[in-house]
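Enquirer: For reference, the structure I am asking about is given below.
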Amino acid sequence: MTTIQLKAIALSLVVLVAAAGCSGGGGAGGDGRDIGSAPTNVPSSSAGAGSGAVGVGVPAGGGAIGQAAFVANVHPITTQYCVQCHAGSGPGFPHIAHPDGETAFRAVIDNQKVNLLDPARSRLVERLRTDRHFCWSNCDMDADRMQAAIQAWADAVVVTTPPDPNTPGNTIPTTIISSDGRSFLSAILAPSGRYGGNPIALWKLEEGSGTIALDTSMVGPTMNLTLSGEATWVSGGGIEFDGGKASSNPTDSRKLFNELASGSGTQQYSIEAWLIPANTTQEGPARIITYAGGTGTRNFMLGQVMYNYVARNRSVNPDVNANGDPTFSTADADEDLQATLQHVVLTYDQANGRRIFVNGVFTDDVDEVPADLLLNWQSDYTFALGNEVTDNRIWRGIVKFVAIYEDILTPEQIMQNYLSGASRRYLLRFGLDSPLAPNAYVEFTVSEFDAYSYLFCAPVLNSGGALGFSVQTIRISVNGVAPVASQSFRMLNTAITQTSTQLSSQCQVVPKDLGADQDVFHIFFDTLGSASLPMADLPGSPPPPPAAVSPSAGIGIRDFAEINDSMAELTGVSVTNATVRATYLELLQALPSDNDVAAFVSAHQVGISRLALDYCDQLVESTALRNAFFGVGFDWTLPATTFASVGPRDQIIDPLGTKLLGTGLANQPTAAEVRPHLDTLINQLTAGCTAMSCPASTTRNVVKGVCASVLSSAAVQLH
């Protein structure tokens, strides 16, 4: 972008709205323990006796010290930069930027967005540093600022190691607790519940170390993958890609050709994956799964373009090229791809062509390219994850599981596999010998849900022979602290009439603290057998006050599609123009999504200005288009010093005023009112120009800049 174009943006005729991002919330599960979350009648180590847990010394319900420190340090950041989405009336949850400090405090605490014992691991920090979520300047600097604010909050809170209630002479009141703390590593493998089918290639990605990911299918040859570059194992299974890849070799990859595309191949397939995209800004397309010879030749691909999953598939259809194009994509408006754990299935068959399922649901996008046989696939291509085989189409994110089938999975099978979860499931047993009976226990089905949390599901009680009592309220603690949010079993009340009883069919998300190799869990109850020691629930977050009723705005802002169509109509540049189309797709998420002018932020204006520059660039660089817009009288071969004369200025400014601004509208500036601003802009853009220093190319750039300043202005975008 030239200096002239930057100056044009700076002089754009829109009043910018203060920047407002959504940097705090979102994401499944929290990270780390929260303050004010221990039960009120138990010390903060109550559920972690003997585990060495460290509690945070803040009174139940939040505490004046914790809340005051939050309001003094973190609340000013969230109310400045997160208010557009998280203030209570916007689309974001939780309401970490609510103007009421107590409401915002509870939103942060109850939803486990802060870790006062390790501020760097707070979700408020990781959403900025890792997820790049609506940063207001530089993501790393913004994350550092948030971390420093949380550290200041933590410094104001008393952190202590409470005494062990099981120590003789200690009179701290206790609760009904499991007789042993259990670690995730002590669990045993449970049945998966997956539809296994007969995959021809299968990578469970559970190795955890080394450079080889094993193909565990029963079909030879074995397609083991070799990790290279920035490709590392992650806890709970999976590989994180940040520039590297995991790839087979042409010899072993030939298995896919033999089973799917050869003369005896099935001519159909399914690709199933569990993955976590690092962000929604990747393009290229970024290669998640590829079977290719390079960037321009392939047999198939599953990739990412911003919020979309895209697929390519080579076939004998004459309209399909060697790269598998035309590319098939999920719908822009649906934004199916999100930076969170997702189950994705791509199927290809002769009846439907390419279809994509996300989290068990068909995306409803119909492949308009007729399906055809796969007989022209190349047998010497290479299979890879996380990058192109040539290392130049980087995808960033985590892949937790991949399977390739020689047939298409049915919608029912896809949903079954989605519901079975991404990670291996385990059985974790908590002994109840002391509070209930010898050999009594509660057993949960558990898994690592994502990088930040566990999933505890379907508790089953073995009563050890005791009958005729009830179980009320199970809480799960991590290293001695029971998080406030996501206590799915808090309302449990089950009568025990037989030895083995499923207490609930629900699941609960439990935040990770130190990681699967260190976290220790306990469970405790309000009522179990003959003992009853209910805990006082912490007060929930107060509801936000009702929004003030205000009259509807008399003006609105054009949304992304209307902006694009308006610019095309006004300039004569087609919306299908390759340059403006590429810019439009790149900027789609940076353009207004609805007509509410109150939701307009400065990032929208930047996106509008960039799109306007490309439209004006295509207008000026096309002889036919510029002659139709400005007339044939302007001499485009002259240097920019031509604008020293009134005549050439009029030949540019007058069409912009009459064709872009319109006439006869009561609530917008007239061409005469806008002209002084455009005169000033031309003076600035041509200051110091000579015939030598500002040739004809500068003349065109000046016109582009003046055109963009009007096309991106409120006079055009408001209606």
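We name chains A, B, ... following the order of the structure tokens; residues begin at 1 in each chain, and ligands are numbered from 1 as shown.
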DSSP on the backbone: which residues in stretch 423-542 of chain A end up as strand (DSSP E or B)? Give the answer as a ChimeraX atom specification.
Expert: /A:426-431,441-450,453-462,469-478,481,493-496,500-502,507-512,520-528,531-532
Enquirer: What are the DSSP helix (DSSP H, G or I) residues of stretch 176-420 of chain A, as a list in words?
Expert: Phe184, Leu185, Ser186, Pro250, Thr251, Asp252, Ser253, Arg254, Lys255, Leu256, Phe257, Asn258, Glu259, Leu260, Ala261, Asp332, Ala333, Asp334, Pro411, Glu412, Gln413, Ile414, Met415, Gln416, Asn417, Tyr418, Leu419 and Ser420 of chain A
Enquirer: With only C-alpha atoms as the counted atoms, please give the residues lying no more than 8 Å from stretch 419-423 of chain A, apart from itself and same-chain residues fewer than 6 positions off, as a PDB file with N, CA, C and O atoms, in the first residue's frame.
Expert:
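What ended up in around_8.pdb:
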ATOM      1  N   SER A 192     -14.953 -47.428  23.842  1.00  0.00           N
ATOM      2  CA  SER A 192     -15.003 -46.118  23.191  1.00  0.00           C
ATOM      3  C   SER A 192     -16.395 -45.711  22.730  1.00  0.00           C
ATOM      4  O   SER A 192     -16.718 -44.536  22.705  1.00  0.00           O
ATOM      5  N   GLY A 193     -17.213 -46.651  22.315  1.00  0.00           N
ATOM      6  CA  GLY A 193     -18.530 -46.305  21.779  1.00  0.00           C
ATOM      7  C   GLY A 193     -18.499 -45.831  20.338  1.00  0.00           C
ATOM      8  O   GLY A 193     -19.520 -45.426  19.786  1.00  0.00           O
ATOM      9  N   ARG A 194     -17.338 -45.873  19.689  1.00  0.00           N
ATOM     10  CA  ARG A 194     -17.215 -45.427  18.302  1.00  0.00           C
ATOM     11  C   ARG A 194     -17.726 -46.472  17.323  1.00  0.00           C
ATOM     12  O   ARG A 194     -17.688 -47.667  17.595  1.00  0.00           O
ATOM     13  N   GLY A 236      -2.930 -35.568  26.190  1.00  0.00           N
ATOM     14  CA  GLY A 236      -4.270 -36.034  25.862  1.00  0.00           C
ATOM     15  C   GLY A 236      -4.398 -36.593  24.465  1.00  0.00           C
ATOM     16  O   GLY A 236      -5.479 -37.010  24.059  1.00  0.00           O
ATOM     17  N   GLY A 237      -3.293 -36.635  23.722  1.00  0.00           N
ATOM     18  CA  GLY A 237      -3.316 -37.187  22.380  1.00  0.00           C
ATOM     19  C   GLY A 237      -3.409 -36.111  21.326  1.00  0.00           C
ATOM     20  O   GLY A 237      -4.173 -35.153  21.458  1.00  0.00           O
ATOM     21  N   TRP A 274     -10.569 -35.386  14.176  1.00  0.00           N
ATOM     22  CA  TRP A 274     -10.801 -34.499  15.313  1.00  0.00           C
ATOM     23  C   TRP A 274      -9.663 -33.494  15.312  1.00  0.00           C
ATOM     24  O   TRP A 274      -8.485 -33.875  15.281  1.00  0.00           O
ATOM     25  N   HIS A 343     -15.174 -32.031  15.278  1.00  0.00           N
ATOM     26  CA  HIS A 343     -15.183 -33.313  14.574  1.00  0.00           C
ATOM     27  C   HIS A 343     -15.575 -33.009  13.132  1.00  0.00           C
ATOM     28  O   HIS A 343     -16.627 -32.423  12.869  1.00  0.00           O
ATOM     29  N   GLY A 360     -20.852 -33.690  13.658  1.00  0.00           N
ATOM     30  CA  GLY A 360     -21.930 -34.642  13.430  1.00  0.00           C
ATOM     31  C   GLY A 360     -23.030 -34.172  12.514  1.00  0.00           C
ATOM     32  O   GLY A 360     -23.933 -34.947  12.190  1.00  0.00           O
ATOM     33  N   LYS A 400      -6.042 -34.428  16.481  1.00  0.00           N
ATOM     34  CA  LYS A 400      -6.091 -35.422  17.550  1.00  0.00           C
ATOM     35  C   LYS A 400      -6.390 -36.827  17.037  1.00  0.00           C
ATOM     36  O   LYS A 400      -6.157 -37.803  17.757  1.00  0.00           O
ATOM     37  N   PHE A 401      -6.906 -36.935  15.816  1.00  0.00           N
ATOM     38  CA  PHE A 401      -7.317 -38.254  15.317  1.00  0.00           C
ATOM     39  C   PHE A 401      -7.592 -38.107  13.827  1.00  0.00           C
ATOM     40  O   PHE A 401      -8.175 -37.106  13.387  1.00  0.00           O
ATOM     41  N   SER A 447     -12.334 -38.218  30.281  1.00  0.00           N
ATOM     42  CA  SER A 447     -11.459 -38.029  29.126  1.00  0.00           C
ATOM     43  C   SER A 447     -10.883 -36.628  29.189  1.00  0.00           C
ATOM     44  O   SER A 447     -11.380 -35.768  29.920  1.00  0.00           O
ATOM     45  N   GLU A 448      -9.820 -36.413  28.436  1.00  0.00           N
ATOM     46  CA  GLU A 448      -9.305 -35.063  28.271  1.00  0.00           C
ATOM     47  C   GLU A 448     -10.115 -34.400  27.176  1.00  0.00           C
ATOM     48  O   GLU A 448     -10.043 -34.785  26.007  1.00  0.00           O
ATOM     49  N   PHE A 449     -10.904 -33.400  27.565  1.00  0.00           N
ATOM     50  CA  PHE A 449     -11.834 -32.779  26.620  1.00  0.00           C
ATOM     51  C   PHE A 449     -11.092 -31.922  25.599  1.00  0.00           C
ATOM     52  O   PHE A 449     -11.345 -31.987  24.409  1.00  0.00           O
TER      53      PHE A 449
END
Enquirer: I'd like the interatomic distance between atom CA of A:Ala466 and atom CA of A:Leu436, to a tenth of an Å.
Expert: 7.6 Å
Enquirer: With only C-alpha atoms as the atoms that count, which of A:Ile177, A:Ile523, A:Leu337, A:Ala612 lies nearest to A:Phe444?
Expert: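 Selected residue with least distance to A:Phe444: A:Ile523.
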Enquirer: Hey, can you check how far atom CA of A:Met567 sits from atom CA of A:Ala708?
Expert: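 Computing the Euclidean distance for atom CA of A:Met567 and atom CA of A:Ala708 yields 10.0 Å.
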